[in-house]
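For reference, query-v6.tsv (TSV, C-alpha atoms and all ligand atoms):
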```tsv
chain	number	residue	atom	x	y	z
P	102	MET	CA	18.27	-27.45	-28.77
P	103	SER	CA	20.71	-24.94	-27.31
P	104	ILE	CA	19.96	-23.21	-24.03
P	105	LYS	CA	18.92	-19.58	-24.49
P	106	VAL	CA	20.32	-17.08	-22.04
P	107	GLY	CA	19.42	-13.51	-21.08
P	108	VAL	CA	21.88	-11.30	-19.21
P	109	ILE	CA	21.09	-8.58	-16.66
P	110	GLY	CA	23.85	-5.99	-16.28
P	111	VAL	CA	26.47	-4.95	-18.82
P	112	GLY	CA	29.48	-4.54	-16.46
P	113	GLY	CA	32.96	-5.95	-16.91
P	114	MET	CA	31.97	-9.55	-16.22
P	115	LEU	CA	29.59	-9.75	-19.22
P	116	GLN	CA	32.47	-10.64	-21.58
P	117	TYR	CA	33.40	-13.69	-19.47
P	118	HIS	CA	29.81	-14.87	-18.98
P	119	ALA	CA	29.23	-14.53	-22.73
P	120	ALA	CA	32.43	-16.41	-23.61
P	121	GLY	CA	31.65	-19.23	-21.17
P	122	PHE	CA	28.00	-19.61	-22.17
P	123	ARG	CA	28.94	-19.69	-25.85
P	124	GLN	CA	31.83	-22.09	-25.28
P	125	ALA	CA	29.31	-24.50	-23.70
P	126	GLY	CA	26.94	-24.18	-26.65
P	127	ALA	CA	24.36	-21.72	-25.29
P	128	GLU	CA	22.90	-18.84	-27.24
P	129	ILE	CA	22.78	-15.37	-25.67
P	130	VAL	CA	19.50	-13.95	-26.93
P	131	ALA	CA	18.87	-10.92	-24.72
P	132	VAL	CA	20.47	-8.34	-22.47
P	133	ALA	CA	18.84	-5.87	-20.06
P	134	ASP	CA	20.30	-2.99	-18.08
P	135	ALA	CA	18.70	-0.28	-15.96
P	136	ALA	CA	20.92	2.46	-17.42
P	137	PRO	CA	19.23	4.01	-20.49
P	138	GLY	CA	20.88	2.88	-23.73
P	139	ALA	CA	23.36	0.54	-21.99
P	140	ALA	CA	21.70	-2.69	-23.13
P	141	ALA	CA	21.58	-1.57	-26.79
P	142	LYS	CA	25.26	-0.65	-26.70
P	143	ALA	CA	26.22	-3.99	-25.14
P	144	ALA	CA	24.01	-5.92	-27.57
P	145	ALA	CA	25.86	-4.37	-30.49
P	146	LYS	CA	29.29	-4.92	-28.93
P	147	TRP	CA	28.73	-8.54	-27.88
P	148	ASP	CA	26.47	-9.63	-30.73
P	149	ILE	CA	23.34	-10.20	-28.64
P	150	ALA	CA	20.04	-10.18	-30.55
P	151	THR	CA	17.66	-8.20	-28.31
P	152	PRO	CA	18.40	-5.41	-25.85
P	153	TYR	CA	15.83	-4.49	-23.21
P	154	GLU	CA	15.53	-1.29	-21.19
P	155	THR	CA	13.90	-3.17	-18.29
P	156	VAL	CA	14.29	-6.56	-16.64
P	157	ASP	CA	10.49	-7.01	-16.62
P	158	ALA	CA	10.37	-6.74	-20.42
P	159	MET	CA	13.23	-9.22	-20.88
P	160	LEU	CA	11.75	-11.78	-18.49
P	161	ALA	CA	8.47	-11.72	-20.41
P	162	ALA	CA	10.32	-13.30	-23.37
P	163	PRO	CA	9.25	-16.98	-23.26
P	164	GLU	CA	12.25	-18.33	-25.19
P	165	ILE	CA	14.72	-17.44	-22.40
P	166	ASP	CA	15.67	-20.53	-20.34
P	167	ALA	CA	18.29	-19.00	-18.06
P	168	VAL	CA	19.47	-15.60	-16.87
P	169	SER	CA	22.80	-14.35	-15.62
P	170	VAL	CA	22.73	-11.61	-13.01
P	171	ILE	CA	25.71	-9.20	-13.14
P	172	VAL	CA	24.65	-6.20	-11.09
P	173	PRO	CA	25.72	-4.58	-7.79
P	174	ASN	CA	25.32	-6.91	-4.80
P	175	LYS	CA	22.21	-5.26	-3.35
P	176	PHE	CA	20.15	-6.40	-6.35
P	177	HIS	CA	21.34	-10.03	-6.47
P	178	LYS	CA	18.55	-11.36	-4.26
P	179	SER	CA	15.64	-9.45	-5.73
P	180	LEU	CA	16.63	-10.06	-9.36
P	181	THR	CA	17.51	-13.73	-8.79
P	182	ILE	CA	14.13	-14.34	-7.17
P	183	GLN	CA	12.35	-12.39	-9.91
P	184	CYS	CA	14.04	-14.56	-12.56
P	185	LEU	CA	13.19	-17.79	-10.68
P	186	GLU	CA	9.57	-16.70	-10.35
P	187	ALA	CA	9.56	-16.05	-14.12
P	188	GLY	CA	10.60	-19.71	-14.61
P	189	LYS	CA	14.29	-19.12	-15.48
P	190	HIS	CA	17.42	-20.82	-14.13
P	191	VAL	CA	19.91	-18.30	-12.68
P	192	PHE	CA	23.68	-17.80	-12.74
P	193	CYS	CA	24.34	-15.01	-10.25
P	194	GLU	CA	27.58	-13.15	-9.72
P	195	LYS	CA	29.29	-13.34	-6.36
P	196	PRO	CA	28.61	-12.58	-3.55
P	197	PRO	CA	25.44	-14.71	-3.55
P	198	ALA	CA	23.57	-11.91	-1.76
P	199	LEU	CA	24.10	-9.30	0.97
P	200	ASN	CA	23.85	-11.88	3.78
P	201	ALA	CA	22.84	-15.44	4.71
P	202	ALA	CA	19.18	-14.56	5.30
P	203	GLU	CA	18.92	-13.39	1.70
P	204	VAL	CA	20.53	-16.63	0.46
P	205	GLN	CA	17.88	-18.55	2.39
P	206	GLU	CA	15.20	-16.59	0.52
P	207	ILE	CA	16.89	-17.49	-2.79
P	208	ILE	CA	17.03	-21.18	-1.84
P	209	ALA	CA	13.32	-21.14	-0.96
P	210	ALA	CA	12.42	-19.41	-4.24
P	211	ALA	CA	14.50	-21.89	-6.28
P	212	LYS	CA	12.80	-24.84	-4.60
P	213	LYS	CA	9.36	-23.32	-5.19
P	214	ALA	CA	10.09	-22.61	-8.85
P	215	ASP	CA	11.94	-25.92	-9.31
P	216	LYS	CA	14.75	-24.06	-11.09
P	217	GLN	CA	18.53	-24.12	-10.62
P	218	VAL	CA	20.73	-21.39	-9.13
P	219	LEU	CA	24.52	-21.32	-9.39
P	220	PHE	CA	26.80	-18.55	-8.16
P	221	ASN	CA	29.95	-17.34	-9.82
P	222	PHE	CA	32.68	-18.65	-7.53
P	223	ASN	CA	34.95	-18.58	-10.56
P	224	ASN	CA	38.15	-19.35	-8.66
P	225	ARG	CA	36.90	-22.92	-8.21
P	226	ALA	CA	37.11	-23.27	-12.00
P	227	ARG	CA	40.80	-22.28	-12.16
P	228	PRO	CA	42.97	-25.15	-13.44
P	229	GLU	CA	45.00	-25.17	-10.20
P	230	SER	CA	41.84	-25.42	-8.07
P	231	GLN	CA	40.42	-28.24	-10.17
P	232	ALA	CA	43.76	-30.10	-10.20
P	233	MET	CA	44.00	-29.80	-6.41
P	234	MET	CA	40.39	-30.92	-6.00
P	235	THR	CA	41.14	-34.06	-8.02
P	236	TYR	CA	43.90	-35.01	-5.56
P	237	ILE	CA	41.69	-34.18	-2.57
P	238	ASN	CA	38.82	-36.27	-3.96
P	239	GLN	CA	41.23	-39.17	-4.44
P	240	GLY	CA	42.06	-38.99	-0.72
P	241	VAL	CA	45.66	-37.84	-1.23
P	242	ALA	CA	45.36	-35.09	1.42
P	243	GLY	CA	43.43	-37.21	3.93
P	244	THR	CA	41.26	-35.07	6.17
P	245	ILE	CA	42.04	-31.37	5.83
P	246	ASN	CA	42.36	-30.31	9.46
P	247	SER	CA	43.25	-26.69	8.92
P	248	ALA	CA	43.47	-24.10	6.18
P	249	GLN	CA	44.45	-20.49	5.65
P	250	ALA	CA	42.57	-18.40	3.08
P	251	LYS	CA	44.03	-15.13	1.82
P	252	TRP	CA	43.17	-12.51	-0.74
P	253	ILE	CA	45.29	-9.58	0.27
P	254	ARG	CA	46.02	-6.38	-1.60
P	255	ARG	CA	48.32	-3.54	-0.75
P	256	THR	CA	46.50	-0.86	-2.73
P	257	GLY	CA	43.25	-2.16	-4.17
P	258	ILE	CA	40.26	-0.09	-3.05
P	259	PRO	CA	37.80	-0.17	-5.98
P	260	GLY	CA	36.82	3.51	-6.14
P	261	PHE	CA	35.79	5.74	-3.24
P	262	GLY	CA	32.13	6.51	-2.62
P	263	GLY	CA	30.65	4.17	-5.26
P	264	TRP	CA	28.57	1.06	-4.55
P	265	PHE	CA	31.61	-1.07	-3.65
P	266	THR	CA	32.37	1.13	-0.61
P	267	THR	CA	28.73	1.56	0.45
P	268	LYS	CA	27.56	-1.08	2.93
P	269	GLU	CA	23.90	-0.73	2.00
P	270	LEU	CA	24.69	-1.57	-1.65
P	271	ALA	CA	27.62	-4.01	-1.26
P	272	GLY	CA	26.90	-5.68	2.09
P	273	GLY	CA	30.47	-4.95	3.24
P	274	GLY	CA	33.92	-4.21	1.86
P	275	SER	CA	36.92	-6.38	1.03
P	276	LEU	CA	35.64	-9.50	2.78
P	277	ILE	CA	32.36	-9.81	0.86
P	278	ASP	CA	33.98	-8.63	-2.40
P	279	LEU	CA	37.06	-10.90	-2.31
P	280	LEU	CA	35.32	-13.88	-0.70
P	281	HIS	CA	36.73	-16.33	-3.26
P	282	MET	CA	39.58	-17.83	-1.20
P	283	VAL	CA	37.35	-18.41	1.82
P	284	ASP	CA	35.00	-20.23	-0.55
P	285	LEU	CA	37.87	-22.20	-2.13
P	286	ALA	CA	39.24	-23.25	1.28
P	287	MET	CA	35.81	-24.47	2.37
P	288	TYR	CA	35.44	-26.28	-1.00
P	289	PHE	CA	38.73	-28.11	-0.40
P	290	MET	CA	37.66	-28.90	3.19
P	291	GLY	CA	34.39	-30.51	2.04
P	292	TYR	CA	32.23	-27.47	2.83
P	293	PRO	CA	31.82	-28.26	6.55
P	294	GLU	CA	29.17	-26.57	8.66
P	295	PRO	CA	30.61	-23.53	10.49
P	296	ALA	CA	30.28	-23.54	14.29
P	297	HIS	CA	32.09	-20.51	15.77
P	298	VAL	CA	33.74	-17.42	14.31
P	299	ILE	CA	35.88	-14.65	15.75
P	300	GLY	CA	36.81	-11.78	13.48
P	301	GLN	CA	37.85	-8.17	13.21
P	302	THR	CA	37.61	-5.61	10.43
P	303	PHE	CA	39.66	-2.45	9.85
P	304	SER	CA	38.79	0.70	7.93
P	305	ASP	CA	41.84	2.92	8.51
P	306	PHE	CA	42.53	3.35	4.76
P	307	ILE	CA	39.01	3.33	3.30
P	308	GLN	CA	39.17	7.08	2.66
P	309	ASP	CA	42.88	7.26	1.84
P	310	LYS	CA	43.50	7.84	-1.90
P	311	GLN	CA	47.02	6.31	-1.61
P	312	PHE	CA	45.27	2.93	-1.43
P	313	LYS	CA	43.09	3.18	-4.55
P	314	GLY	CA	43.00	0.22	-6.95
P	315	PRO	CA	43.94	0.28	-10.63
P	316	TRP	CA	40.54	-0.55	-12.18
P	317	GLY	CA	39.41	2.97	-13.04
P	318	ILE	CA	36.19	2.73	-11.05
P	319	PRO	CA	35.39	6.42	-10.61
P	320	ASP	CA	35.31	8.00	-7.16
P	321	ARG	CA	32.00	9.58	-6.21
P	322	VAL	CA	32.42	12.90	-4.44
P	323	GLY	CA	30.24	12.92	-1.32
P	324	GLY	CA	29.61	9.15	-1.71
P	325	THR	CA	29.68	6.70	1.17
P	326	THR	CA	32.77	4.83	2.41
P	327	ASP	CA	31.39	2.86	5.37
P	328	VAL	CA	32.97	-0.59	4.74
P	329	GLU	CA	36.18	-2.30	5.85
P	330	ASN	CA	39.42	-2.25	3.89
P	331	SER	CA	40.59	-5.44	5.59
P	332	ALA	CA	39.19	-8.34	7.58
P	333	HIS	CA	40.78	-11.09	9.65
P	334	GLY	CA	39.00	-14.06	11.15
P	335	PHE	CA	39.13	-17.55	12.55
P	336	VAL	CA	36.43	-20.15	11.91
P	337	SER	CA	35.89	-23.49	13.64
P	338	PHE	CA	33.61	-26.04	12.00
P	339	LYS	CA	31.34	-28.68	13.55
P	340	THR	CA	33.72	-31.31	12.14
P	341	GLY	CA	36.63	-29.96	14.22
P	342	GLN	CA	38.33	-28.41	11.18
P	343	VAL	CA	39.57	-24.81	11.43
P	344	LEU	CA	40.13	-21.97	8.95
P	345	SER	CA	41.85	-18.63	9.29
P	346	LEU	CA	41.17	-15.86	6.82
P	347	GLN	CA	42.77	-12.58	5.78
P	348	VAL	CA	41.08	-10.49	3.11
P	349	SER	CA	42.03	-6.95	2.18
P	350	TRP	CA	41.67	-4.27	-0.44
P	351	ALA	CA	44.27	-2.20	1.36
P	352	GLU	CA	46.80	-3.32	3.93
P	353	MET	CA	50.56	-2.90	4.46
P	354	VAL	CA	51.55	-6.15	2.74
P	355	LYS	CA	54.33	-6.77	0.19
P	356	ARG	CA	52.19	-7.62	-2.84
P	357	GLU	CA	48.80	-8.96	-3.87
P	358	GLU	CA	48.43	-12.59	-2.87
P	359	VAL	CA	45.54	-14.93	-3.59
P	360	SER	CA	45.96	-18.26	-1.85
P	361	VAL	CA	44.61	-21.23	0.01
P	362	VAL	CA	47.09	-23.27	2.04
P	363	PHE	CA	45.94	-26.37	3.90
P	364	GLN	CA	47.24	-29.06	6.21
P	365	GLY	CA	45.74	-32.53	5.85
P	366	THR	CA	46.32	-35.81	7.68
P	367	LYS	CA	48.14	-37.23	4.63
P	368	ALA	CA	49.34	-34.15	2.74
P	369	GLY	CA	49.39	-30.39	2.87
P	370	GLY	CA	48.83	-28.19	-0.14
P	371	ARG	CA	48.95	-24.71	-1.60
P	372	VAL	CA	47.10	-23.03	-4.45
P	373	GLU	CA	48.50	-19.56	-4.84
P	374	ARG	CA	48.69	-16.64	-7.22
P	375	LEU	CA	51.13	-13.84	-6.50
P	376	PHE	CA	50.31	-10.79	-8.62
P	377	GLY	CA	52.95	-8.49	-10.03
P	378	ILE	CA	50.95	-5.34	-9.43
P	379	ASP	CA	47.73	-5.04	-7.44
P	380	GLY	CA	44.81	-6.01	-9.65
P	381	LEU	CA	47.01	-6.77	-12.67
P	382	ASP	CA	48.51	-10.19	-13.25
P	383	ASN	CA	51.05	-9.56	-16.00
P	384	THR	CA	53.84	-10.94	-13.84
P	385	ALA	CA	51.70	-13.35	-11.80
P	386	ILE	CA	53.33	-16.41	-10.30
P	387	ASP	CA	51.00	-19.39	-9.92
P	388	THR	CA	51.69	-22.30	-7.58
P	389	CYS	CA	49.88	-25.60	-7.11
P	390	GLU	CA	51.75	-27.86	-4.70
P	391	LEU	CA	51.31	-30.83	-2.40
P	392	TYR	CA	53.52	-31.50	0.62
P	393	VAL	CA	53.96	-35.10	1.79
P	394	GLN	CA	56.26	-37.23	3.94
P	395	GLU	CA	57.63	-40.21	1.98
P	396	ASN	CA	60.33	-42.74	2.95
P	397	GLY	CA	61.56	-40.46	5.70
P	398	HIS	CA	61.78	-37.46	3.39
P	399	SER	CA	59.77	-34.28	3.02
P	400	VAL	CA	58.61	-34.29	-0.60
P	401	ASN	CA	57.13	-31.31	-2.41
P	402	ARG	CA	55.04	-32.13	-5.47
P	403	SER	CA	54.63	-29.30	-7.93
P	404	ILE	CA	51.56	-29.67	-10.12
P	405	THR	CA	51.80	-28.01	-13.52
P	406	THR	CA	48.53	-26.61	-14.85
P	407	PRO	CA	47.68	-24.56	-17.94
P	408	ALA	CA	47.82	-20.77	-17.62
P	409	CYS	CA	44.40	-19.20	-17.05
P	410	GLU	CA	44.45	-15.41	-17.25
P	411	ASP	CA	40.72	-15.08	-16.58
P	412	MET	CA	40.91	-16.81	-13.17
P	413	GLY	CA	38.32	-19.42	-14.13
P	414	ARG	CA	35.65	-16.91	-15.14
P	415	ILE	CA	34.96	-18.46	-18.56
P	416	GLY	CA	35.07	-22.02	-17.21
P	417	SER	CA	32.70	-21.15	-14.39
P	418	ALA	CA	30.10	-19.68	-16.77
P	419	ALA	CA	30.50	-22.69	-19.08
P	420	ASN	CA	29.88	-25.02	-16.11
P	421	PHE	CA	26.47	-23.40	-15.54
P	422	ILE	CA	25.35	-24.32	-19.05
P	423	GLU	CA	26.95	-27.79	-18.94
P	424	PHE	CA	25.15	-28.40	-15.64
P	425	LEU	CA	21.79	-27.35	-17.12
P	426	ASP	CA	22.52	-29.59	-20.12
P	427	GLY	CA	23.19	-32.55	-17.79
P	428	LYS	CA	26.81	-32.78	-18.96
P	429	ALA	CA	28.59	-31.72	-15.74
P	430	ALA	CA	28.11	-31.56	-12.00
P	431	PRO	CA	27.52	-28.01	-10.72
P	432	LEU	CA	30.66	-26.28	-9.47
P	433	ASN	CA	28.74	-25.00	-6.43
P	434	THR	CA	25.40	-25.25	-4.67
P	435	PRO	CA	23.12	-22.70	-2.96
P	436	GLU	CA	23.58	-24.62	0.31
P	437	GLN	CA	27.33	-23.99	0.12
P	438	ALA	CA	26.64	-20.33	-0.63
P	439	LEU	CA	24.55	-20.21	2.52
P	440	ARG	CA	27.41	-21.58	4.69
P	441	LEU	CA	29.85	-19.12	3.12
P	442	MET	CA	27.54	-16.18	3.85
P	443	GLN	CA	27.03	-17.44	7.41
P	444	VAL	CA	30.79	-17.20	7.92
P	445	ILE	CA	30.93	-13.71	6.41
P	446	ASP	CA	27.95	-12.50	8.47
P	447	ALA	CA	29.62	-13.91	11.58
P	448	VAL	CA	32.94	-12.11	10.92
P	449	TYR	CA	31.03	-8.84	10.60
P	450	ALA	CA	28.96	-9.59	13.73
P	451	SER	CA	32.07	-10.51	15.73
P	452	ALA	CA	33.85	-7.35	14.55
P	453	LYS	CA	30.89	-5.26	15.67
P	454	THR	CA	30.50	-6.82	19.12
P	455	GLY	CA	34.14	-7.70	19.81
P	456	LYS	CA	32.97	-11.19	20.78
P	457	PRO	CA	33.08	-14.67	19.22
P	458	VAL	CA	29.91	-15.62	17.34
P	459	SER	CA	28.25	-19.05	17.34
P	460	ILE	CA	26.36	-20.01	14.20
N	501	LIG	N1	33.55	-12.91	-10.31
N	501	LIG	C1	34.36	-11.87	-10.52
N	501	LIG	O1	35.56	-12.03	-10.75
N	501	LIG	C2	33.78	-10.48	-10.51
N	501	LIG	C3	34.54	-9.38	-10.93
N	501	LIG	C4	33.96	-8.13	-10.94
N	501	LIG	C5	32.64	-7.97	-10.50
N	501	LIG	N2	31.93	-9.05	-10.07
N	501	LIG	C6	30.54	-8.90	-9.60
N	501	LIG	O2	29.71	-8.48	-10.69
N	501	LIG	C7	28.64	-7.70	-10.19
N	501	LIG	C8	28.56	-6.42	-11.00
N	501	LIG	O3	29.73	-5.66	-10.78
N	501	LIG	P1	30.10	-4.48	-11.80
N	501	LIG	O4	31.42	-3.95	-11.36
N	501	LIG	O5	29.90	-4.93	-13.19
N	501	LIG	O6	28.98	-3.42	-11.42
N	501	LIG	P2	28.54	-2.12	-12.21
N	501	LIG	O7	28.34	-1.06	-11.21
N	501	LIG	O8	29.47	-1.87	-13.35
N	501	LIG	O9	27.09	-2.53	-12.72
N	501	LIG	C9	26.86	-3.39	-13.78
N	501	LIG	C10	25.61	-2.94	-14.53
N	501	LIG	O10	24.44	-3.26	-13.78
N	501	LIG	C11	23.44	-2.30	-14.10
N	501	LIG	N3	22.43	-2.34	-13.03
N	501	LIG	C12	22.56	-1.91	-11.76
N	501	LIG	N4	21.43	-2.18	-11.07
N	501	LIG	C13	20.56	-2.78	-11.93
N	501	LIG	C14	19.25	-3.28	-11.79
N	501	LIG	N5	18.62	-3.24	-10.62
N	501	LIG	N6	18.66	-3.81	-12.89
N	501	LIG	C15	19.31	-3.88	-14.07
N	501	LIG	N7	20.57	-3.41	-14.25
N	501	LIG	C16	21.19	-2.87	-13.19
N	501	LIG	C17	24.22	-1.01	-14.18
N	501	LIG	O11	23.51	-0.04	-14.96
N	501	LIG	C18	25.52	-1.45	-14.83
N	501	LIG	O12	25.52	-1.30	-16.23
N	501	LIG	C19	28.91	-7.48	-8.70
N	501	LIG	O13	28.11	-8.33	-7.94
N	501	LIG	C20	30.37	-7.86	-8.53
N	501	LIG	O14	30.63	-8.39	-7.23
N	501	LIG	C21	32.48	-10.28	-10.08
```

Take the structure in the file and write it out as structure tokens.
Ligand SMILES: NC(=O)c1ccc[n+]([C@@H]2O[C@H](COP(=O)([O-])OP(=O)(O)OC[C@H]3O[C@@H](n4cnc5c(N)ncnc54)[C@H](O)[C@@H]3O)[C@@H](O)[C@H]2O)c1
Amino acid sequence: MSIKVGVIGVGGMLQYHAAGFRQAGAEIVAVADAAPGAAAKAAAKWDIATPYETVDAMLAAPEIDAVSVIVPNKFHKSLTIQCLEAGKHVFCEKPPALNAAEVQEIIAAAKKADKQVLFNFNNRARPESQAMMTYINQGVAGTINSAQAKWIRRTGIPGFGGWFTTKELAGGGSLIDLLHMVDLAMYFMGYPEPAHVIGQTFSDFIQDKQFKGPWGIPDRVGGTTDVENSAHGFVSFKTGQVLSLQVSWAEMVKREEVSVVFQGTKAGGRVERLFGIDGLDNTAIDTCELYVQENGHSVNRSITTPACEDMGRIGSAANFIEFLDGKAAPLNTPEQALRLMQVIDAVYASAKTGKPVSI
């Protein structure tokens, strides 16, 4: 019997969750949204049987096996735990929660309910990431000693004064929003346990309309803009591995770049997407390369992978269903989400105190 899914939140990611769940053979039976009328509209648009005006009403439906949570960050923890307590598996959008302490609460609730939680680290599902991971798992890179994670934008602030720029609702700015490459680097490195972090954040442009992104997220007059537009950090892990990170919505860089570069004991590598225009990938250049020394020569191996415009979003949602069906390993675990949020918390703590932070 196919897995039956309910969705909370009708934002832009719903189309990808729906496509991925359906591709993997699940049925989307319900949708709920707190905004009056929003669920009914989405149900009609995306061919979902039952819209609900409240999450409570949707979770009372016994036929729902799993729920996807696509709402602003502040509500990830409470809704994920509510779904787990109602006996549903959960696929929650990134970031996993506002901070590591909240992820720990999610882990405890999942254990208690004996239900699964996956987060949408969709960049792991990109063909380049999966191709690179195959080589890493085969030992081609050796031990990855060091990596550099970047998601940098020149002009990509997602609306001024809305939830994205309000710390209480988002947990932070560019770093927590564009956490994907930090996650991907740690994935390639074997998700080591973080030891020490030094970081800094900058908010010079967070109120400057020259740096607005192209997504049409409306500005809210009188809204809050108390998050960073860029973050830089350095992480050392208990294994001796190290990671540097640069994540920005707005920074004086040439163009949007989304990349993980690493240096291993046997090979280096690069997974990179250069965007044509901030937030739009119509002229994107994708790279997936390995760098080795062979027979006294420096050899660059270029790995060709299929184009994937959705940046792994459909594949990531499909993996959730395939995992529940016992057909695939999960693309991520809550324990990894915890380590990622520990790093993010530590960058913010270091930026606040001006001191290195031990985890
Ligand atoms: N993985 C990705 O590539 C990606 C891309 C964009 C957004 N996201 C994530 O998706 C999530 C949603 O972002 P968005 O831009 O769609 O947000 P949004 O502000 O458009 O909100 C989505 C919907 O959630 C509803 N909602 C808000 N609070 C609710 C609650 N407590 N209960 C029920 N419904 C509620 C809103 O009415 C809205 O319709 C965020 O966590 C964001 O980080 C991920």

Nearest residue to ligand LIG 501 (chain N) from the set P:Lys142, P:Arg356, P:Lys213, P:Lys313 (distances using only C-alpha atoms and all ligand atoms)
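Comparing P:Lys142, P:Arg356, P:Lys213, P:Lys313 against ligand LIG 501 (chain N), the winner is P:Lys142.
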
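The gap separating atom CA of Lys310 of chain P from atom CA of Val322 of chain P is 12.4 Å, in Å to one decimal.
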
Determine the nearest neighbour of Ile104 of chain P from the options P:Glu294, P:Asp446, P:Asp426, P:Asp379, counting only C-alpha atoms.
P:Asp426

Residues at most 9 Å from ligand LIG 501 (chain N), using all atoms listed in the file? Could they come as a ChimeraX atom specification?
/P:109-115,133-137,139-140,154-156,170-177,179-180,193-198,221-224,263-265,271,277-279,281,318,411-414

Figure out the distance between atom CA of Thr267 of chain P and atom CA of Gly324 of chain P, please, to one decimal in Å.
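Answer for the atom CA of Gly324 of chain P to atom CA of Thr267 of chain P separation: 7.9 Å.
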
Have a look at atom CA of Lys453 of chain P and atom CA of Leu439 of chain P and let me know their distance in Å, one decimal.
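Atom-to-atom, atom CA of Lys453 of chain P to atom CA of Leu439 of chain P, that is 20.9 Å.
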
Would you mind listing what lies within 7 Å of segment 335-341 of chain P as an mmCIF file with C-alpha atoms, in the frame of the given file, with all atoms listed in the file counted and same-chain residues fewer than 2 positions away left out?
```
data_model
loop_
_atom_site.group_PDB
_atom_site.id
_atom_site.type_symbol
_atom_site.label_atom_id
_atom_site.label_comp_id
_atom_site.auth_asym_id
_atom_site.auth_seq_id
_atom_site.Cartn_x
_atom_site.Cartn_y
_atom_site.Cartn_z
ATOM 1 C CA PRO P 293 31.820 -28.260 6.550
ATOM 2 C CA GLU P 294 29.170 -26.570 8.660
ATOM 3 C CA PRO P 295 30.610 -23.530 10.490
ATOM 4 C CA ALA P 296 30.280 -23.540 14.290
ATOM 5 C CA HIS P 297 32.090 -20.510 15.770
ATOM 6 C CA VAL P 298 33.740 -17.420 14.310
ATOM 7 C CA ILE P 299 35.880 -14.650 15.750
ATOM 8 C CA GLY P 300 36.810 -11.780 13.480
ATOM 9 C CA VAL P 343 39.570 -24.810 11.430
ATOM 10 C CA LEU P 344 40.130 -21.970 8.950
ATOM 11 C CA SER P 345 41.850 -18.630 9.290
ATOM 12 C CA LEU P 346 41.170 -15.860 6.820
#
```

At a cut-off of 12 Å around the point (21.3, -5.7, -28.8) (file coordinates), what residues fall inside when counting only C-alpha atoms? I'd like the answer as a CSV table (one decimal) with C-alpha atoms, in the frame of the given file.
```
chain,number,residue,atom,x,y,z
P,107,GLY,CA,19.4,-13.5,-21.1
P,108,VAL,CA,21.9,-11.3,-19.2
P,111,VAL,CA,26.5,-5.0,-18.8
P,129,ILE,CA,22.8,-15.4,-25.7
P,130,VAL,CA,19.5,-14.0,-26.9
P,131,ALA,CA,18.9,-10.9,-24.7
P,132,VAL,CA,20.5,-8.3,-22.5
P,133,ALA,CA,18.8,-5.9,-20.1
P,134,ASP,CA,20.3,-3.0,-18.1
P,138,GLY,CA,20.9,2.9,-23.7
P,139,ALA,CA,23.4,0.5,-22.0
P,140,ALA,CA,21.7,-2.7,-23.1
P,141,ALA,CA,21.6,-1.6,-26.8
P,142,LYS,CA,25.3,-0.6,-26.7
P,143,ALA,CA,26.2,-4.0,-25.1
P,144,ALA,CA,24.0,-5.9,-27.6
P,145,ALA,CA,25.9,-4.4,-30.5
P,146,LYS,CA,29.3,-4.9,-28.9
P,147,TRP,CA,28.7,-8.5,-27.9
P,148,ASP,CA,26.5,-9.6,-30.7
P,149,ILE,CA,23.3,-10.2,-28.6
P,150,ALA,CA,20.0,-10.2,-30.6
P,151,THR,CA,17.7,-8.2,-28.3
P,152,PRO,CA,18.4,-5.4,-25.8
P,153,TYR,CA,15.8,-4.5,-23.2
P,154,GLU,CA,15.5,-1.3,-21.2
P,159,MET,CA,13.2,-9.2,-20.9
```

If we count all atoms listed in the file and set the cut-off at 12 Å, which residues sit around Gly243 of chain P, ignoring sequence neighbours fewer than 3 positions away in its own chain? Please answer as an MDAnalysis selection string.
chainID P and resid 236:240 246:247 289:291 363:370 391 393

Need to verify the contact set: Ala211 of chain P, 10 Å, only C-alpha atoms, exclusion of same-chain residues closer than 5 positions in sequence. Can you return it as a PyMOL selection string?
chain P and resi 181-182+184-186+188-191+205-206+216-218+435

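In terms of minimum interatomic distance to Ile404 of chain P, P:Pro228 ranks closest within P:Gly260, P:Gly377, P:Pro163, P:Pro228, counting all atoms listed in the file.
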
Please provide the set of residues having any atom within 9 Å of Ala452 of chain P, restricted to only C-alpha atoms, with same-chain residues fewer than 3 positions apart removed, written as a VMD selection string.
chain P and resid 299 to 303 332 447 to 449 455 to 457

When you count all atoms listed in the file, which of these residues is closest to Glu229 of chain P: P:Ser349, P:Ser451, P:Ser403, P:Gln249?
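Residue with the minimum atom-to-atom distance to Glu229 of chain P: P:Ser403.
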
If you count all atoms listed in the file, which residues fall within 6 Å of Val348 of chain P, apart from same-chain ones fewer than 6 positions away, as a VMD selection string?
chain P and resid 251 to 253 276 331 to 332

Include C-alpha atoms and write out the residues we just selected as a tab-separated table (two decimals), in the frame of the given file.
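Ended up saving to result_21.tsv:
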```tsv
chain	number	residue	atom	x	y	z
P	251	LYS	CA	44.03	-15.13	1.82
P	252	TRP	CA	43.17	-12.51	-0.74
P	253	ILE	CA	45.29	-9.58	0.27
P	276	LEU	CA	35.64	-9.50	2.78
P	331	SER	CA	40.59	-5.44	5.59
P	332	ALA	CA	39.19	-8.34	7.58
```

Given all atoms listed in the file as the basis, pick out the residue of P:Asn330, P:Gln347, P:Thr256, P:Thr266 nearest to Ile378 of chain P.
P:Thr256

Within 7 Å of file point (31.8, 1.8, 5.3), counting all atoms listed in the file, expressed as a list in words:
Thr266, Thr267, Lys268, Thr325, Thr326, Asp327, Val328 and Glu329 of chain P
